[in-house]
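J.: What follows is a single structure, and I will ask about it in a moment.
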Amino acid sequence: MRKTLMSALVVAGILFLSQPGVMLAHHGAATFDTENEITVKGTVTEWTWSNPHCILRVDVKDADGTVRNWAVATSNVADVSKRGWSRRSFAAGDAVTILIQPAKSGAPVGMIKNVMLADGTKLQ
Amino acid sequence: MRTRLTVAATIVTTLAICAPRAMAQTWGFPGLSNDAFAAIAAGGPAPQRDLTGEWDPGGAGIAGGDNYFTGRNTPPLTPLGQQMVSRNRPGHGPYSAKVYDGNDPLTTQGDPSGFPRIVNYEFRPIRIVQTPKAVLIMYSFNQTWRIIWTDGRKLPEDPDPRWFGYSVGRWEDNTTFVVDTVGMTDRTWIDSGGYPHSDAMRVQERYHRTGMNVLELTVTIDDPKVYTRPFQSRDRLPLKRLPDGTDFLEQVYAASEVREFKTDVADQTRTP
């Protein structure tokens with residue numbers, strides 16, 4: 001039973017990580033680490049519905065317990081609207097799991113590949 | 001049995017007639033998905049001298065990707081053109097800069113796209129209105145419009161530069177509308193790749209309606225100060241007709257929003 005559960009989790013993880021992500025709509029993609037995407041879990045502090053990129057701000061606890069506020073961006077409002085995102089996709093306090101292409105600078109910023117909400121809804 | 005068939009046929013017919021209206025009466029349409037765009041066929045012969053309606057250039061209209069630049073066959077730049085492009089640090093194309101170093105006037109400062117950039121990048125759904133003296137093109141991107149005068153006036157000879165220039169149009173035949181534009185400020189780029197232009201640039205657009213639901217756009221740029229020969233920035237780009245009365249999503253690149261992305265995300269990517 002445990003083995004089956006582990007296998008399922010591994011498959012789910014692979015599927016999650018292999019989903020097609022958000023295209024970088026603008027600006028020097030080389031600035032972001034497309035080779036080493038990371039998954040962060042956190043709590044939404046703000047969702048900005050704006051152009052040329054919508055911005056999701058999330059408090060994320062590091063391994064040492066330090067909380068950093070990440071600012072991660074997706075595409076513009078028209079492109080994400082076509083994929084089912086909206087101004088009301090997130091509210092402060094929502095728990096989210098985000099697959100990110102982080103900045104190579106190490107700053108808590110990046111481009112969103114996809115976001116999983118607590119109820120299992122995935123936006124990408 | 002015949003009655004049932006008649007009722008069923010009436011319902012199907014009613015739905016078919018009402019469906020486009022129902023679609024059109026929604027708000028904030030963001031543009032067609034790639035699949036929906038591909039599914040719209042020619043839809044019968046083109047009406048004569050009529051571009052009226054809502055049109056979607058689809059994913060190719062948005063452009064900005066490598067495919068757009070590799071497919072365009074941009075001619076070599078003149079020495080002045082090379083000097084001008086060296087000052088530009090775009091987010092796309094062969095001159096791409098790091099995101100924190102970009103100086104795209106549209107995406108880092110919130111300047112207007114200007115013309116012809118408005119048809120070369122982020123070319124989103126448009127509404128075309130024909131009046132007795134002009135054709136109006138209303139762009140959903142940045143809620144911008146252009147007036148194409150069709151009353152016989154000549155282009156100005158020494159115009160003050162404008163973001164969107166000065167345009168006159170004429171029907172070349174019953175399905176081809178040709179627009180000539182001059183007088184664009186050289187503060188704008190012609191695309192998202194940082195390609196410059198001078199105030200001597202002339203642009204010609206050809207709108208060829210090939211069917212009820214399809215309009216093809218070809219854009220020719222002629223700027224001998226900057227490019228060694230004229231070239232086409234759009235070559236028969238298809239636009240697909242949307243249901244009458246479609247309301248478009250508002251997509252404005254407000255300076256305050258552009259600045260927020262730059263300071264809070266882009267600038268933070270700078271490596272020490």
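So you can find residues: chains in the structure tokens are A, B, ... in the order shown, residues in each start at 1, and ligands are numbered from 1 in order.
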Kindly provide the residues of chain B that approach chain A to within 6 Å, each paired with its closest atom pair and their distance in Å to one decimal, based on only C-alpha atoms, listed by chain and increasing number, as a tab-separated table.

T.:
```
residue	atom	partner	partner_atom	distance
B:Pro30	CA	A:Ala78	CA	5.0
B:Gly91	CA	A:His27	CA	3.5
B:Ala97	CA	A:Gly28	CA	5.7
B:Lys98	CA	A:Gly28	CA	4.7
B:Val99	CA	A:Gly28	CA	4.7
B:Tyr253	CA	A:Asn51	CA	5.4
B:Val265	CA	A:Val109	CA	5.8
B:Thr269	CA	A:Ser105	CA	5.2
B:Arg270	CA	A:Ser105	CA	6.0
B:Thr271	CA	A:Ser105	CA	4.6
```

J.: Can you write out the residues you just picked, keeping all heavy atoms, as a PDB file, in the first residue's frame?

T.:
```
ATOM      1  N   PRO B  30     -10.905  38.302 -24.448  1.00  0.00           N
ATOM      2  CA  PRO B  30      -9.443  38.498 -24.446  1.00  0.00           C
ATOM      3  C   PRO B  30      -8.756  38.152 -25.758  1.00  0.00           C
ATOM      4  O   PRO B  30      -7.559  38.353 -25.906  1.00  0.00           O
ATOM      5  CB  PRO B  30      -8.987  37.530 -23.347  1.00  0.00           C
ATOM      6  CG  PRO B  30      -9.976  36.416 -23.385  1.00  0.00           C
ATOM      7  CD  PRO B  30     -11.292  37.052 -23.770  1.00  0.00           C
ATOM      8  N   GLY B  91      13.572  43.505 -25.308  1.00  0.00           N
ATOM      9  CA  GLY B  91      13.339  42.226 -24.638  1.00  0.00           C
ATOM     10  C   GLY B  91      13.262  41.060 -25.597  1.00  0.00           C
ATOM     11  O   GLY B  91      13.244  39.909 -25.162  1.00  0.00           O
ATOM     12  N   ALA B  97      18.342  42.280 -24.578  1.00  0.00           N
ATOM     13  CA  ALA B  97      19.160  42.604 -23.411  1.00  0.00           C
ATOM     14  C   ALA B  97      18.619  41.832 -22.209  1.00  0.00           C
ATOM     15  O   ALA B  97      17.546  41.233 -22.270  1.00  0.00           O
ATOM     16  CB  ALA B  97      19.091  44.099 -23.134  1.00  0.00           C
ATOM     17  N   LYS B  98      19.371  41.841 -21.124  1.00  0.00           N
ATOM     18  CA  LYS B  98      18.868  41.264 -19.879  1.00  0.00           C
ATOM     19  C   LYS B  98      17.641  42.054 -19.436  1.00  0.00           C
ATOM     20  O   LYS B  98      17.534  43.257 -19.687  1.00  0.00           O
ATOM     21  CB  LYS B  98      19.939  41.333 -18.791  1.00  0.00           C
ATOM     22  CG  LYS B  98      21.218  40.572 -19.128  1.00  0.00           C
ATOM     23  CD  LYS B  98      21.015  39.083 -19.020  1.00  0.00           C
ATOM     24  CE  LYS B  98      22.363  38.359 -19.109  1.00  0.00           C
ATOM     25  NZ  LYS B  98      22.185  36.898 -19.189  1.00  0.00           N
ATOM     26  N   VAL B  99      16.774  41.376 -18.718  1.00  0.00           N
ATOM     27  CA  VAL B  99      15.517  42.021 -18.355  1.00  0.00           C
ATOM     28  C   VAL B  99      15.738  43.288 -17.525  1.00  0.00           C
ATOM     29  O   VAL B  99      15.038  44.283 -17.684  1.00  0.00           O
ATOM     30  CB  VAL B  99      14.584  41.017 -17.630  1.00  0.00           C
ATOM     31  CG1 VAL B  99      15.181  40.554 -16.324  1.00  0.00           C
ATOM     32  CG2 VAL B  99      13.217  41.614 -17.424  1.00  0.00           C
ATOM     33  N   TYR B 253      -1.167  49.229 -21.037  1.00  0.00           N
ATOM     34  CA  TYR B 253       0.149  49.231 -20.394  1.00  0.00           C
ATOM     35  C   TYR B 253       0.314  50.573 -19.681  1.00  0.00           C
ATOM     36  O   TYR B 253       0.982  51.477 -20.170  1.00  0.00           O
ATOM     37  CB  TYR B 253       1.256  49.033 -21.430  1.00  0.00           C
ATOM     38  CG  TYR B 253       1.508  47.592 -21.820  1.00  0.00           C
ATOM     39  CD1 TYR B 253       0.500  46.642 -21.736  1.00  0.00           C
ATOM     40  CD2 TYR B 253       2.750  47.174 -22.251  1.00  0.00           C
ATOM     41  CE1 TYR B 253       0.729  45.327 -22.089  1.00  0.00           C
ATOM     42  CE2 TYR B 253       2.983  45.855 -22.602  1.00  0.00           C
ATOM     43  CZ  TYR B 253       1.969  44.937 -22.530  1.00  0.00           C
ATOM     44  OH  TYR B 253       2.198  43.635 -22.887  1.00  0.00           O
ATOM     45  N   VAL B 265      10.282  43.353  -9.940  1.00  0.00           N
ATOM     46  CA  VAL B 265      10.709  42.056 -10.490  1.00  0.00           C
ATOM     47  C   VAL B 265      11.974  42.230 -11.350  1.00  0.00           C
ATOM     48  O   VAL B 265      13.034  41.695 -11.020  1.00  0.00           O
ATOM     49  CB  VAL B 265       9.590  41.390 -11.310  1.00  0.00           C
ATOM     50  CG1 VAL B 265      10.077  40.061 -11.896  1.00  0.00           C
ATOM     51  CG2 VAL B 265       8.351  41.155 -10.445  1.00  0.00           C
ATOM     52  N   THR B 269      16.456  41.179 -10.684  1.00  0.00           N
ATOM     53  CA  THR B 269      17.172  40.068 -11.318  1.00  0.00           C
ATOM     54  C   THR B 269      18.625  40.426 -11.625  1.00  0.00           C
ATOM     55  O   THR B 269      19.372  39.587 -12.111  1.00  0.00           O
ATOM     56  CB  THR B 269      16.484  39.646 -12.631  1.00  0.00           C
ATOM     57  OG1 THR B 269      16.605  40.708 -13.585  1.00  0.00           O
ATOM     58  CG2 THR B 269      15.013  39.328 -12.412  1.00  0.00           C
ATOM     59  N   ARG B 270      18.991  41.661 -11.355  1.00  0.00           N
ATOM     60  CA  ARG B 270      20.374  42.090 -11.660  1.00  0.00           C
ATOM     61  C   ARG B 270      21.350  41.313 -10.781  1.00  0.00           C
ATOM     62  O   ARG B 270      21.203  41.281  -9.554  1.00  0.00           O
ATOM     63  CB  ARG B 270      20.530  43.586 -11.403  1.00  0.00           C
ATOM     64  CG  ARG B 270      21.903  44.140 -11.773  1.00  0.00           C
ATOM     65  CD  ARG B 270      21.974  45.615 -11.431  1.00  0.00           C
ATOM     66  NE  ARG B 270      21.012  46.401 -12.174  1.00  0.00           N
ATOM     67  CZ  ARG B 270      21.183  46.844 -13.418  1.00  0.00           C
ATOM     68  NH1 ARG B 270      22.309  46.565 -14.055  1.00  0.00           N
ATOM     69  NH2 ARG B 270      20.270  47.565 -14.021  1.00  0.00           N
ATOM     70  N   THR B 271      22.317  40.680 -11.393  1.00  0.00           N
ATOM     71  CA  THR B 271      23.312  39.925 -10.623  1.00  0.00           C
ATOM     72  C   THR B 271      24.420  40.880 -10.173  1.00  0.00           C
ATOM     73  O   THR B 271      24.817  41.766 -10.928  1.00  0.00           O
ATOM     74  CB  THR B 271      23.921  38.801 -11.482  1.00  0.00           C
ATOM     75  OG1 THR B 271      24.197  39.310 -12.775  1.00  0.00           O
ATOM     76  CG2 THR B 271      22.955  37.644 -11.612  1.00  0.00           C
TER      77      THR B 271
END
```

J.: Determine which residues of segment 10-173 of chain B receive a DSSP assignment of strand (DSSP E), computed from the backbone, and state them as a PDB file with N, CA and C atoms, in the first residue's frame.

T.:
```pdb
ATOM      1  N   GLY B  53     -16.245  45.762 -38.702  1.00  0.00           N
ATOM      2  CA  GLY B  53     -16.427  44.646 -37.784  1.00  0.00           C
ATOM      3  C   GLY B  53     -15.280  44.495 -36.811  1.00  0.00           C
ATOM      4  N   GLU B  54     -15.341  43.396 -36.069  1.00  0.00           N
ATOM      5  CA  GLU B  54     -14.319  43.088 -35.076  1.00  0.00           C
ATOM      6  C   GLU B  54     -13.427  41.987 -35.642  1.00  0.00           C
ATOM      7  N   TRP B  55     -12.134  42.184 -35.529  1.00  0.00           N
ATOM      8  CA  TRP B  55     -11.162  41.284 -36.150  1.00  0.00           C
ATOM      9  C   TRP B  55     -10.076  40.894 -35.142  1.00  0.00           C
ATOM     10  N   ASP B  56      -9.664  39.613 -35.209  1.00  0.00           N
ATOM     11  CA  ASP B  56      -8.644  39.116 -34.267  1.00  0.00           C
ATOM     12  C   ASP B  56      -7.431  38.620 -35.057  1.00  0.00           C
ATOM     13  N   ILE B 126      -9.096  44.097 -32.973  1.00  0.00           N
ATOM     14  CA  ILE B 126      -9.391  45.476 -33.388  1.00  0.00           C
ATOM     15  C   ILE B 126     -10.843  45.581 -33.833  1.00  0.00           C
ATOM     16  N   ARG B 127     -11.311  46.809 -33.818  1.00  0.00           N
ATOM     17  CA  ARG B 127     -12.649  47.107 -34.341  1.00  0.00           C
ATOM     18  C   ARG B 127     -12.455  48.099 -35.485  1.00  0.00           C
ATOM     19  N   ILE B 128     -13.044  47.820 -36.635  1.00  0.00           N
ATOM     20  CA  ILE B 128     -12.944  48.740 -37.774  1.00  0.00           C
ATOM     21  C   ILE B 128     -14.315  49.344 -38.048  1.00  0.00           C
ATOM     22  N   VAL B 129     -14.332  50.661 -38.154  1.00  0.00           N
ATOM     23  CA  VAL B 129     -15.571  51.397 -38.410  1.00  0.00           C
ATOM     24  C   VAL B 129     -15.370  52.218 -39.674  1.00  0.00           C
ATOM     25  N   GLN B 130     -16.269  52.107 -40.615  1.00  0.00           N
ATOM     26  CA  GLN B 130     -16.185  52.916 -41.843  1.00  0.00           C
ATOM     27  C   GLN B 130     -17.204  54.045 -41.803  1.00  0.00           C
ATOM     28  N   ALA B 134     -13.826  58.548 -43.564  1.00  0.00           N
ATOM     29  CA  ALA B 134     -12.663  57.936 -42.914  1.00  0.00           C
ATOM     30  C   ALA B 134     -12.951  56.498 -42.520  1.00  0.00           C
ATOM     31  N   VAL B 135     -11.869  55.755 -42.349  1.00  0.00           N
ATOM     32  CA  VAL B 135     -11.945  54.429 -41.732  1.00  0.00           C
ATOM     33  C   VAL B 135     -11.270  54.548 -40.368  1.00  0.00           C
ATOM     34  N   LEU B 136     -11.947  54.108 -39.341  1.00  0.00           N
ATOM     35  CA  LEU B 136     -11.398  54.167 -37.986  1.00  0.00           C
ATOM     36  C   LEU B 136     -10.963  52.768 -37.576  1.00  0.00           C
ATOM     37  N   ILE B 137      -9.738  52.666 -37.091  1.00  0.00           N
ATOM     38  CA  ILE B 137      -9.276  51.385 -36.547  1.00  0.00           C
ATOM     39  C   ILE B 137      -9.072  51.580 -35.055  1.00  0.00           C
ATOM     40  N   MET B 138      -9.797  50.769 -34.285  1.00  0.00           N
ATOM     41  CA  MET B 138      -9.759  50.886 -32.820  1.00  0.00           C
ATOM     42  C   MET B 138      -9.088  49.628 -32.270  1.00  0.00           C
ATOM     43  N   TYR B 139      -7.950  49.843 -31.630  1.00  0.00           N
ATOM     44  CA  TYR B 139      -7.123  48.729 -31.151  1.00  0.00           C
ATOM     45  C   TYR B 139      -7.454  48.439 -29.690  1.00  0.00           C
ATOM     46  N   THR B 144      -6.348  52.200 -28.160  1.00  0.00           N
ATOM     47  CA  THR B 144      -5.811  53.207 -29.067  1.00  0.00           C
ATOM     48  C   THR B 144      -6.584  53.197 -30.380  1.00  0.00           C
ATOM     49  N   TRP B 145      -6.681  54.343 -31.033  1.00  0.00           N
ATOM     50  CA  TRP B 145      -7.342  54.349 -32.330  1.00  0.00           C
ATOM     51  C   TRP B 145      -6.511  55.110 -33.349  1.00  0.00           C
ATOM     52  N   ARG B 146      -6.787  54.824 -34.618  1.00  0.00           N
ATOM     53  CA  ARG B 146      -6.209  55.596 -35.727  1.00  0.00           C
ATOM     54  C   ARG B 146      -7.340  56.019 -36.655  1.00  0.00           C
ATOM     55  N   ILE B 147      -7.149  57.161 -37.286  1.00  0.00           N
ATOM     56  CA  ILE B 147      -8.097  57.627 -38.297  1.00  0.00           C
ATOM     57  C   ILE B 147      -7.411  57.567 -39.655  1.00  0.00           C
ATOM     58  N   ILE B 148      -8.001  56.810 -40.550  1.00  0.00           N
ATOM     59  CA  ILE B 148      -7.486  56.708 -41.918  1.00  0.00           C
ATOM     60  C   ILE B 148      -8.409  57.558 -42.788  1.00  0.00           C
ATOM     61  N   TRP B 149      -7.950  58.706 -43.227  1.00  0.00           N
ATOM     62  CA  TRP B 149      -8.813  59.592 -44.002  1.00  0.00           C
ATOM     63  C   TRP B 149      -9.004  59.055 -45.422  1.00  0.00           C
ATOM     64  N   TYR B 166       0.279  60.159 -39.759  1.00  0.00           N
ATOM     65  CA  TYR B 166      -0.826  60.724 -40.539  1.00  0.00           C
ATOM     66  C   TYR B 166      -1.169  59.707 -41.624  1.00  0.00           C
ATOM     67  N   SER B 167      -2.436  59.334 -41.746  1.00  0.00           N
ATOM     68  CA  SER B 167      -2.800  58.234 -42.646  1.00  0.00           C
ATOM     69  C   SER B 167      -3.913  58.635 -43.608  1.00  0.00           C
ATOM     70  N   VAL B 168      -3.744  58.194 -44.868  1.00  0.00           N
ATOM     71  CA  VAL B 168      -4.831  58.294 -45.844  1.00  0.00           C
ATOM     72  C   VAL B 168      -5.027  56.919 -46.476  1.00  0.00           C
ATOM     73  N   GLY B 169      -6.266  56.638 -46.892  1.00  0.00           N
ATOM     74  CA  GLY B 169      -6.566  55.324 -47.452  1.00  0.00           C
ATOM     75  C   GLY B 169      -7.383  55.403 -48.719  1.00  0.00           C
ATOM     76  N   ARG B 170      -7.317  54.344 -49.505  1.00  0.00           N
ATOM     77  CA  ARG B 170      -8.093  54.276 -50.756  1.00  0.00           C
ATOM     78  C   ARG B 170      -8.358  52.806 -51.074  1.00  0.00           C
ATOM     79  N   TRP B 171      -9.450  52.576 -51.815  1.00  0.00           N
ATOM     80  CA  TRP B 171      -9.750  51.217 -52.266  1.00  0.00           C
ATOM     81  C   TRP B 171      -9.021  50.967 -53.577  1.00  0.00           C
ATOM     82  N   GLU B 172      -8.141  50.000 -53.563  1.00  0.00           N
ATOM     83  CA  GLU B 172      -7.419  49.644 -54.797  1.00  0.00           C
ATOM     84  C   GLU B 172      -8.313  48.803 -55.696  1.00  0.00           C
ATOM     85  N   ASP B 173      -9.085  47.933 -55.099  1.00  0.00           N
ATOM     86  CA  ASP B 173     -10.151  47.214 -55.810  1.00  0.00           C
ATOM     87  C   ASP B 173     -11.240  46.936 -54.775  1.00  0.00           C
TER      88      ASP B 173
END
```

J.: Looking at A:Asp33, A:Lys61, A:Thr66, A:Val40, which one is nearest to Val115 of chain A, with distances taken over only C-alpha atoms?

T.: A:Val40

J.: Write out as a VMD selection string each polymer residue whose atoms come within 9 Å of segment 212-227 of chain B, counting only C-alpha atoms; drop sequence neighbours fewer than 3 positions from it.

T.: chain B and resid 40 to 47 51 55 74 to 82 84 116 119 to 120 196 to 209 230 to 242

J.: Which residues come within 8 Å of Gly42 of chain A, counting only C-alpha atoms, excluding same-chain residues fewer than 2 positions away, as an MDAnalysis selection string?

T.: chainID A and resid 40 44 58:61 95:97

J.: Save out the residues we just selected, N, CA, C and O atoms, as a CSV table (one decimal), in the first residue's frame.

T.:
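Result file is again06.csv:
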```
chain,number,residue,atom,x,y,z
A,40,VAL,N,7.8,26.4,-4.8
A,40,VAL,CA,7.7,27.0,-3.4
A,40,VAL,C,6.3,26.9,-3.0
A,40,VAL,O,5.3,27.0,-3.8
A,44,VAL,N,-0.5,33.7,-0.1
A,44,VAL,CA,-0.6,34.9,-0.9
A,44,VAL,C,-0.7,36.2,0.0
A,44,VAL,O,-1.5,36.2,0.9
A,58,VAL,N,3.9,36.4,-2.5
A,58,VAL,CA,3.7,35.3,-1.6
A,58,VAL,C,4.7,35.2,-0.5
A,58,VAL,O,5.9,35.3,-0.8
A,59,ASP,N,4.2,35.0,0.7
A,59,ASP,CA,5.2,34.8,1.8
A,59,ASP,C,5.6,33.3,1.8
A,59,ASP,O,4.7,32.5,1.9
A,60,VAL,N,6.9,33.1,1.8
A,60,VAL,CA,7.4,31.8,1.7
A,60,VAL,C,8.4,31.6,2.9
A,60,VAL,O,9.3,32.4,3.0
A,61,LYS,N,8.3,30.5,3.6
A,61,LYS,CA,9.2,30.3,4.7
A,61,LYS,C,10.4,29.4,4.2
A,61,LYS,O,10.2,28.4,3.6
A,95,ALA,N,-3.5,29.6,0.3
A,95,ALA,CA,-2.3,28.8,0.3
A,95,ALA,C,-2.0,28.4,-1.1
A,95,ALA,O,-2.9,27.9,-1.8
A,96,VAL,N,-0.8,28.5,-1.6
A,96,VAL,CA,-0.5,28.2,-3.0
A,96,VAL,C,0.8,27.4,-3.1
A,96,VAL,O,1.7,27.6,-2.2
A,97,THR,N,0.9,26.6,-4.1
A,97,THR,CA,2.2,25.9,-4.5
A,97,THR,C,2.6,26.4,-5.9
A,97,THR,O,1.8,26.2,-6.8
```

J.: Report, in Å to a single decimal, how far apart atom CA of Gly245 of chain B and atom CA of Gly114 of chain B are.

T.: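 Taking atom CA of Gly114 of chain B as the start and atom CA of Gly245 of chain B as the end point, the length is 25.9 Å.
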
J.: Taking 2 positions as the minimum chain separation for residues in the same chain, which residues sit within 12 Å of Pro94 of chain B when counting only C-alpha atoms? Answer as a list in words.

T.: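 Using only C-alpha atoms, the neighbours found are Gly28 of chain A; Gly64, Gly65, Asp66, Asn67, Tyr68, Phe69, Thr70, Thr74, Val85, Ser86, Asn88, Arg89, Pro90, Gly91, His92, Ser96, Ala97, Ser192, Gly193, Gly194 and Tyr195 of chain B.
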
J.: Write out, as a PDB file, in the first residue's frame, the residues just selected, with N, CA and C atoms.

T.:
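Wrote part_35.pdb, looks like this:
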```pdb
ATOM      1  N   GLY A  28      14.293  39.422 -21.995  1.00  0.00           N
ATOM      2  CA  GLY A  28      15.452  38.623 -21.649  1.00  0.00           C
ATOM      3  C   GLY A  28      15.197  37.392 -20.795  1.00  0.00           C
TER       4      GLY A  28
ATOM      5  N   GLY B  64       6.495  39.031 -31.198  1.00  0.00           N
ATOM      6  CA  GLY B  64       7.480  39.196 -30.140  1.00  0.00           C
ATOM      7  C   GLY B  64       8.426  38.016 -30.001  1.00  0.00           C
ATOM      8  N   GLY B  65       8.010  36.841 -30.440  1.00  0.00           N
ATOM      9  CA  GLY B  65       8.870  35.672 -30.304  1.00  0.00           C
ATOM     10  C   GLY B  65       9.913  35.598 -31.405  1.00  0.00           C
ATOM     11  N   ASP B  66      10.816  34.632 -31.251  1.00  0.00           N
ATOM     12  CA  ASP B  66      11.890  34.482 -32.239  1.00  0.00           C
ATOM     13  C   ASP B  66      11.343  34.222 -33.637  1.00  0.00           C
ATOM     14  N   ASN B  67      10.212  33.499 -33.720  1.00  0.00           N
ATOM     15  CA  ASN B  67       9.655  33.173 -35.030  1.00  0.00           C
ATOM     16  C   ASN B  67       9.368  34.432 -35.847  1.00  0.00           C
ATOM     17  N   TYR B  68       8.895  35.447 -35.151  1.00  0.00           N
ATOM     18  CA  TYR B  68       8.565  36.680 -35.864  1.00  0.00           C
ATOM     19  C   TYR B  68       9.812  37.295 -36.492  1.00  0.00           C
ATOM     20  N   PHE B  69      10.902  37.356 -35.734  1.00  0.00           N
ATOM     21  CA  PHE B  69      12.099  38.029 -36.238  1.00  0.00           C
ATOM     22  C   PHE B  69      12.815  37.187 -37.300  1.00  0.00           C
ATOM     23  N   THR B  70      12.867  35.867 -37.098  1.00  0.00           N
ATOM     24  CA  THR B  70      13.552  35.033 -38.087  1.00  0.00           C
ATOM     25  C   THR B  70      12.750  34.966 -39.384  1.00  0.00           C
ATOM     26  N   THR B  74      14.442  40.968 -42.236  1.00  0.00           N
ATOM     27  CA  THR B  74      14.761  42.391 -42.077  1.00  0.00           C
ATOM     28  C   THR B  74      16.035  42.725 -42.845  1.00  0.00           C
ATOM     29  N   VAL B  85      20.189  51.576 -33.453  1.00  0.00           N
ATOM     30  CA  VAL B  85      19.843  50.317 -32.786  1.00  0.00           C
ATOM     31  C   VAL B  85      20.784  50.027 -31.618  1.00  0.00           C
ATOM     32  N   SER B  86      21.998  50.586 -31.673  1.00  0.00           N
ATOM     33  CA  SER B  86      22.952  50.326 -30.591  1.00  0.00           C
ATOM     34  C   SER B  86      22.491  50.949 -29.273  1.00  0.00           C
ATOM     35  N   ASN B  88      19.347  50.831 -28.315  1.00  0.00           N
ATOM     36  CA  ASN B  88      18.126  50.147 -27.889  1.00  0.00           C
ATOM     37  C   ASN B  88      18.438  48.814 -27.219  1.00  0.00           C
ATOM     38  N   ARG B  89      17.782  48.557 -26.095  1.00  0.00           N
ATOM     39  CA  ARG B  89      18.004  47.307 -25.365  1.00  0.00           C
ATOM     40  C   ARG B  89      16.648  46.609 -25.186  1.00  0.00           C
ATOM     41  N   PRO B  90      16.231  45.873 -26.212  1.00  0.00           N
ATOM     42  CA  PRO B  90      14.880  45.284 -26.224  1.00  0.00           C
ATOM     43  C   PRO B  90      14.788  43.980 -25.438  1.00  0.00           C
ATOM     44  N   GLY B  91      13.572  43.505 -25.308  1.00  0.00           N
ATOM     45  CA  GLY B  91      13.339  42.226 -24.638  1.00  0.00           C
ATOM     46  C   GLY B  91      13.262  41.060 -25.597  1.00  0.00           C
ATOM     47  N   HIS B  92      13.180  41.340 -26.870  1.00  0.00           N
ATOM     48  CA  HIS B  92      13.017  40.281 -27.863  1.00  0.00           C
ATOM     49  C   HIS B  92      13.989  40.470 -29.016  1.00  0.00           C
ATOM     50  N   SER B  96      18.352  41.359 -28.025  1.00  0.00           N
ATOM     51  CA  SER B  96      17.798  41.228 -26.674  1.00  0.00           C
ATOM     52  C   SER B  96      18.820  41.559 -25.590  1.00  0.00           C
ATOM     53  N   ALA B  97      18.342  42.280 -24.578  1.00  0.00           N
ATOM     54  CA  ALA B  97      19.160  42.604 -23.411  1.00  0.00           C
ATOM     55  C   ALA B  97      18.619  41.832 -22.209  1.00  0.00           C
ATOM     56  N   SER B 192       9.085  44.888 -31.028  1.00  0.00           N
ATOM     57  CA  SER B 192       9.631  44.687 -29.682  1.00  0.00           C
ATOM     58  C   SER B 192      11.113  44.325 -29.724  1.00  0.00           C
ATOM     59  N   GLY B 193      11.698  44.279 -30.932  1.00  0.00           N
ATOM     60  CA  GLY B 193      13.106  43.907 -31.070  1.00  0.00           C
ATOM     61  C   GLY B 193      14.050  45.098 -31.093  1.00  0.00           C
ATOM     62  N   GLY B 194      13.544  46.271 -30.812  1.00  0.00           N
ATOM     63  CA  GLY B 194      14.400  47.459 -30.771  1.00  0.00           C
ATOM     64  C   GLY B 194      14.778  47.997 -32.133  1.00  0.00           C
ATOM     65  N   TYR B 195      14.130  47.531 -33.180  1.00  0.00           N
ATOM     66  CA  TYR B 195      14.443  48.048 -34.523  1.00  0.00           C
ATOM     67  C   TYR B 195      13.930  49.486 -34.612  1.00  0.00           C
TER      68      TYR B 195
END
```

J.: Please provide as a list in words all residues within 6 Å of Ile100 of chain A, with the sequence filter that same-chain residues fewer than 6 positions apart are discarded (counting only C-alpha atoms).

T.: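 Neighbouring residues, sequence-local ones excluded: Glu37, Ile38, Met111, Ile112 and Lys113 of chain A.
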
J.: Suppose we keep N, CA, C and O atoms; can you now write the selection as a compact mmCIF listing (two decimals), in the first residue's frame?

T.:
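Saved to selection31.txt:
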```txt
# COMPACT_ATOMS: atom_id res chain seq x y z
N GLU A 37 14.13 25.01 -12.38
CA GLU A 37 12.87 25.51 -11.82
C GLU A 37 12.72 25.01 -10.39
O GLU A 37 13.22 23.94 -10.04
N ILE A 38 12.06 25.81 -9.58
CA ILE A 38 11.86 25.41 -8.19
C ILE A 38 10.38 25.48 -7.84
O ILE A 38 9.60 26.20 -8.49
N MET A 111 9.58 33.99 -12.67
CA MET A 111 8.44 33.88 -13.57
C MET A 111 7.67 32.60 -13.22
O MET A 111 8.27 31.54 -13.02
N ILE A 112 6.37 32.72 -13.18
CA ILE A 112 5.51 31.59 -12.82
C ILE A 112 5.37 30.62 -13.99
O ILE A 112 5.11 31.04 -15.11
N LYS A 113 5.55 29.34 -13.68
CA LYS A 113 5.21 28.30 -14.67
C LYS A 113 3.78 27.83 -14.42
O LYS A 113 3.00 27.67 -15.34
```

J.: What does the distance from atom CA of Gly58 of chain B to atom CA of Thr26 of chain B come to in Å, to one decimal?

T.: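 Computing the Euclidean distance for atom CA of Gly58 of chain B and atom CA of Thr26 of chain B yields 19.0 Å.
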
J.: Between atom CA of Thr52 of chain B and atom CA of Thr185 of chain B, what is the spacing in Å?

T.: 28.7 Å

J.: Return as a PyMOL selection string the full set of residues in segment 58-248 of chain B whose backbone-based DSSP assignment is alpha helix (DSSP H).

T.: chain B and resi 58-62+66-70+79-85+117-120

J.: Neighbouring residues of Phe90 of chain A were defined as those with any atom within 9 Å, considering only C-alpha atoms; residues of the same chain fewer than 2 positions away were excluded. Please report them as a list in words.

T.: Val44, Glu46, Trp47, Leu56, Ser86, Arg87, Arg88, Ala92, Gly93, Asp94 and Leu117 of chain A
